[in-house]
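What follows is a set of notes on a single structure, which appears directly below.
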Amino acid sequence: AQVGISRPHESAHLHVSGRAYYTDDIPESEGTLHVALGLSPIPHGRLKSIDIEALRAIPGVVAVLTAADIPGVNDCGPVVHDDPIFAKDTVQYVGQPVFAVVATNRLIARRAAAKASKVLDIEPLEAVLDPREAVSRQSFILPPMHLTRGNPAEAMATAEHRLKGTLSLGGQEQFYLEGQIAYATPADDGGVKIQCSTQHPSEMQLMASHALGVPANRVHVECRRMGGGFGGKESQSGLHVCVVAMAAAKLNRPVKLRLDRDDDFMITGRRHGFEYDYEVGFDATGLIIAADLTMISNCGFSTDLSGPVMTRAICHFDNAYWLPNVAIRGYTAKTNTQSNTAFRGFGGPQGAFAIEAILDRVAGALNLDPVTVRHTNFYGRRQNNVTPYGQVIVDNVIHELTGELLRTSGYWARREAIERFNASSPVLKKGINIGPCKFGISFNLTHLNQAGALVHVYTDGSIIVNHGGTEMGQGLNTKVAQVVAEELGVRFERVRSTATDTQKIANTSATAASTGADLNGKAAQDAARQIRRRLEAFASQIYGGEPEDVVLSGGRVQVNGTNLSFEELVAKAYVSRIQLWSDGFYATPEIHWDRETMSGNPFYYYAYGAAISEVMIDTLTGEWRLVRADVLHDAGRSLNPALDVGQVEGGFVQSMGWVTSEELVWHPKNGKLLTHAPSTYKIPTANDVPAEFTTRLFKNENVKDSIFKSKAVGEPPMLLGFSVWLAVRDAVRAAGGPGSDPVLDAPCTPEAILMAVQSVKKPAAVA
Ligand code: MTE
Ligand code: LUZ
Ligand code: MOS
């Protein structure tokens, strides 16, 4: 078998030896020019003038481009067209690109662009930086979204207990190791070729064609791989692509733009931070009767993907829990900051975080174990199994999965041991908690759930697969190659994946929503299957027997008593003029979504998981450490367990970083992002991975006809690191004593933990 077994990443040997080509490794053509962007130094203002001459006079500067130089449309917005490539008339955040300097080398371009505050004349306007203030001023990106089920107001009024609260969850920088980069080369007949780091080549093609004012067939976009995307290159690779495309077209020279890390932080957006107001009604067992939630997402200055991000947040507030009466309101706050965008989970984690925080308070208020309260509220198998948006859950494994994890992690015994430890340890306190996950798989914009592929079998029997998905380190190309190998009965080493290319597969969706292997795997299987059918028909024609009885396996072909190699059959088929290549297509069945009523079947299926984390905090300093983590995750019948475990571990750690140490701070007055480099923005490092860290895949298979019954695995683990934040809460609760009710937002930096410890003595405000 070629699927269901661990295979090294198709480029692992290149990654580890430094020979993998990323965009910046492509040899530069003669005459390549370099761009740097001139950025707005103030958060909101009227742009009066740009002293272009001062910049042009700098030796080595070839051109200075502004909004006036864009031949087509000054926009790189993915959905709503409110994302200027260069600010015109107004600037809307500190870091917004206003002009581009094109120079003979990168350093000259950067030095010239750094003079932005000297050459820009901007009349300041009032800026809104805080999302709650934006709401109070009715400064929204989109109309509010509402989802209600049952009668939450009535149920709340009659509930035995009620809790109210507010909660804040910060944003998160993608921190892809390879920053944003694009390289454009002028091509024949008014065309341009763009090699860039993007999750969405087709969108880059359209954005560049709009900016240039030429048809899409003049723009060729290629991406061999990214050094990480994490959602940050779904739409926001567009600005860089548009800048190099227009510079290359105007100057008729190859042009490259590679952002410096600080500029990447200052220019591009990230995960939306969320603010919450909630009320929850429950009974003495912790069973939720009613939930009322208001979510505010900090969108920044433009729309970008904020609409579908909020939709996914609303559709994940339930996480794995049955909420009989629920009201959810989503407000998209417009602020004078970078425009926030996709980040692993795409709003789903922000929705689920709210219910996890709420359930943990419920458990504390009733003095019940947090695991017990979650169990009480899990969706049922045959009843209480309909989501607030009306989808019936038919694949629920959360009971079995958490049951297994509780056993293998020794949760109950460790809970007792931790209680004994805490009773005798006044300064250091331990906490343990669970973070369950249910995550809906499919783009919530239904039409995006389609994909294409192209499989070529060459006359020597070697194979190339091209598909619409992009490789960002997640191993998509490996999985797709495994699928093609399985279908054609050859070893996976025989199949090579090539760069994603808009001239090979048209109209692709972003590699996003974790659907890469689901969609492109199926499309590639469709292509490979057509070739196999032709080979089977041909083999039975020349050797006799029925096409259905031909077996392609292990690089051999068995037909009616004859056994020959795959290469031999391919060579014969070629000479007989059999088509040895094929396209393939896939569209996810069954799914539908009504945006007006916020109801339907948006997800083909759900992926499940859970993590149990144990932490120790120092109540005198707020410092903390993850002592142990146990993760069990559902990847269905995994296509490649090694890759999937890697995705789960990576997602867990990235999730933990978000809710514990990654803090974004904008200057409250001048609006500048202060945490714009690893010196001040703290992502987890190898040292933060716990000494005891066990990740396993839950034995399961997809109930739906997904590719070889596997499940998407990219984003769901982004919920698992919540267990670390919840364990910190548990430790703070231990510091406060029975019935105490920690006040803790995310990220729970040491400062936040210390403040929570110092204020924790107050008992829970249970009504
Ligand atoms: N893993 C790595 N190594 N690098 C990445 O950039 N992006 C994540 C996830 N895992 C990412 C990653 C995100 S945001 C998504 S949507 C999925 O991978 C996309 O790939 P897939 O659909 O093939 O899983
Ligand atoms: N929906 C979704 C989307 O669920 N995930 C995505 O990444 C996405 N991107 C664009 C539009 N809708
Ligand atoms: Mo992932 S946020 O869907 O790119």
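Residues in the structure tokens are named by chain (A, B, ... in the order shown) and by number from 1 within that chain; ligands are numbered from 1 in the order shown.
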- Task: Return as number ranges by chain the full set of residues in stretch 361-566 of chain A whose backbone-based DSSP assignment is helix (DSSP H, G or I).
- Result: A: 361-366, 370-377, 398-408, 411-423, 446-448, 476-488, 492-494, 516-543, 547-549, 566
With only C-alpha atoms and all ligand atoms counted, collect every polymer residue having an atom within 8 Å of ligand 1; state the result as an mmCIF file with C-alpha atoms, in the first residue's frame.
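This went into result-v6.cif:
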```cif
data_model
loop_
_atom_site.group_PDB
_atom_site.id
_atom_site.type_symbol
_atom_site.label_atom_id
_atom_site.label_comp_id
_atom_site.auth_asym_id
_atom_site.auth_seq_id
_atom_site.Cartn_x
_atom_site.Cartn_y
_atom_site.Cartn_z
ATOM 1 C CA TYR A 176 5.962 31.847 8.760
ATOM 2 C CA MET A 226 6.331 28.109 0.957
ATOM 3 C CA GLY A 227 8.342 28.257 4.132
ATOM 4 C CA GLY A 228 5.010 28.271 5.967
ATOM 5 C CA GLY A 229 1.807 30.126 5.280
ATOM 6 C CA PHE A 230 -0.527 29.437 8.224
ATOM 7 C CA GLY A 231 -3.241 31.492 6.497
ATOM 8 C CA GLY A 232 -1.040 34.578 6.163
ATOM 9 C CA ALA A 342 -6.773 33.931 7.842
ATOM 10 C CA PHE A 343 -4.771 32.058 10.448
ATOM 11 C CA ARG A 344 -4.923 28.310 11.044
ATOM 12 C CA GLY A 345 -8.468 27.614 12.168
ATOM 13 C CA PHE A 346 -9.896 30.700 10.479
ATOM 14 C CA GLY A 469 -2.963 22.882 -3.915
ATOM 15 C CA THR A 470 0.163 24.501 -2.546
ATOM 16 C CA GLU A 471 2.906 23.056 -0.389
ATOM 17 C CA MET A 472 3.649 25.010 2.779
ATOM 18 C CA GLY A 473 5.425 22.317 4.760
ATOM 19 C CA GLN A 474 2.245 20.434 5.695
ATOM 20 C CA GLY A 475 3.073 17.554 3.339
ATOM 21 C CA LEU A 476 0.257 17.986 0.827
ATOM 22 C CA THR A 511 -4.954 25.777 -0.006
ATOM 23 C CA ALA A 512 -6.858 26.495 3.154
ATOM 24 C CA ALA A 513 -9.636 25.295 5.432
ATOM 25 C CA SER A 514 -7.500 22.140 5.865
ATOM 26 C CA THR A 515 -9.000 20.824 2.641
ATOM 27 C CA GLY A 516 -5.769 20.468 0.634
ATOM 28 C CA ALA A 517 -5.558 16.689 0.642
ATOM 29 C CA ASP A 518 -9.336 16.158 0.686
ATOM 30 C CA GLN A 647 0.624 18.465 12.011
ATOM 31 C CA GLY A 650 2.802 21.593 15.422
ATOM 32 C CA GLY A 651 -0.795 22.727 15.800
ATOM 33 C CA ALA A 712 -8.248 16.777 7.184
ATOM 34 C CA VAL A 713 -5.700 17.504 9.907
ATOM 35 C CA GLY A 714 -4.175 20.948 9.281
ATOM 36 C CA GLU A 715 -6.263 23.267 11.416
#
```
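Using only C-alpha atoms and all ligand atoms, the shortest contact distance between ligand 3 and any of A:Pro716, A:Pro215, A:Gly452, A:Pro742 is found at A:Pro716.
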- Item | Close residues, A:Ala291 itself excluded, 9 Å, only C-alpha atoms, min 4 positions apart in chain, as a PyMOL selection string | chain A and resi 152-153+155-156+278-282+323-328
- Between atom CA of A:Pro97 and atom CA of A:Lys48 - distance in Å to one decimal: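 Result for atom CA of A:Lys48 versus atom CA of A:Pro97: 15.0 Å, one decimal.
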- Item | All residues 8 Å or closer to A:Arg696, only C-alpha atoms, same chain fewer than 4 positions away omitted, as a ChimeraX atom specification | /A:631-633,645
- Skip stretch 578-586 of chain A itself and residues of its chain fewer than 3 positions away, then list as a ChimeraX atom specification all residues within 9 Å of it, counting only C-alpha atoms. /A:449-459,467,505,519-532,534-535,538,570,572-575
- Using only C-alpha atoms: which of A:Leu569, A:Thr198, A:Ser49, A:Ile296 has the shortest distance to A:Ser540: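 Smallest distance to A:Ser540 is found for A:Leu569.
Excluding A:Gly380 and any residue on its chain fewer than 5 positions from it, the residues at most 12 Å away by only C-alpha atoms are Ala320, Tyr321, Trp322, Leu323, Pro324, His375, Asn385, Val386, Thr387, Val392, Ile393, Val394, Asp395, Asn396, Val397, Ile398, His399 and Glu400 of chain A.
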- Message: Measuring between only C-alpha atoms, which one of A:Thr695, A:Gln236, A:Gln338, A:Ser209 shows the shortest distance to A:Leu39?
- Response: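 Distance minimum relative to A:Leu39 lands on A:Gln338.
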- Query: Which residue out of A:Gly72, A:Gly657, A:Gly348, A:Gly165 has the minimum interatomic distance to ligand 2 when only C-alpha atoms and all ligand atoms are used?
  - Reply: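 Under the stated criterion, the closest residue is A:Gly348.
Take the candidates A:Ile617, A:Ile441, A:Val703, A:Ala587 and check each one against ligand 3 using only C-alpha atoms and all ligand atoms; the shortest distance goes to A:Ile441.
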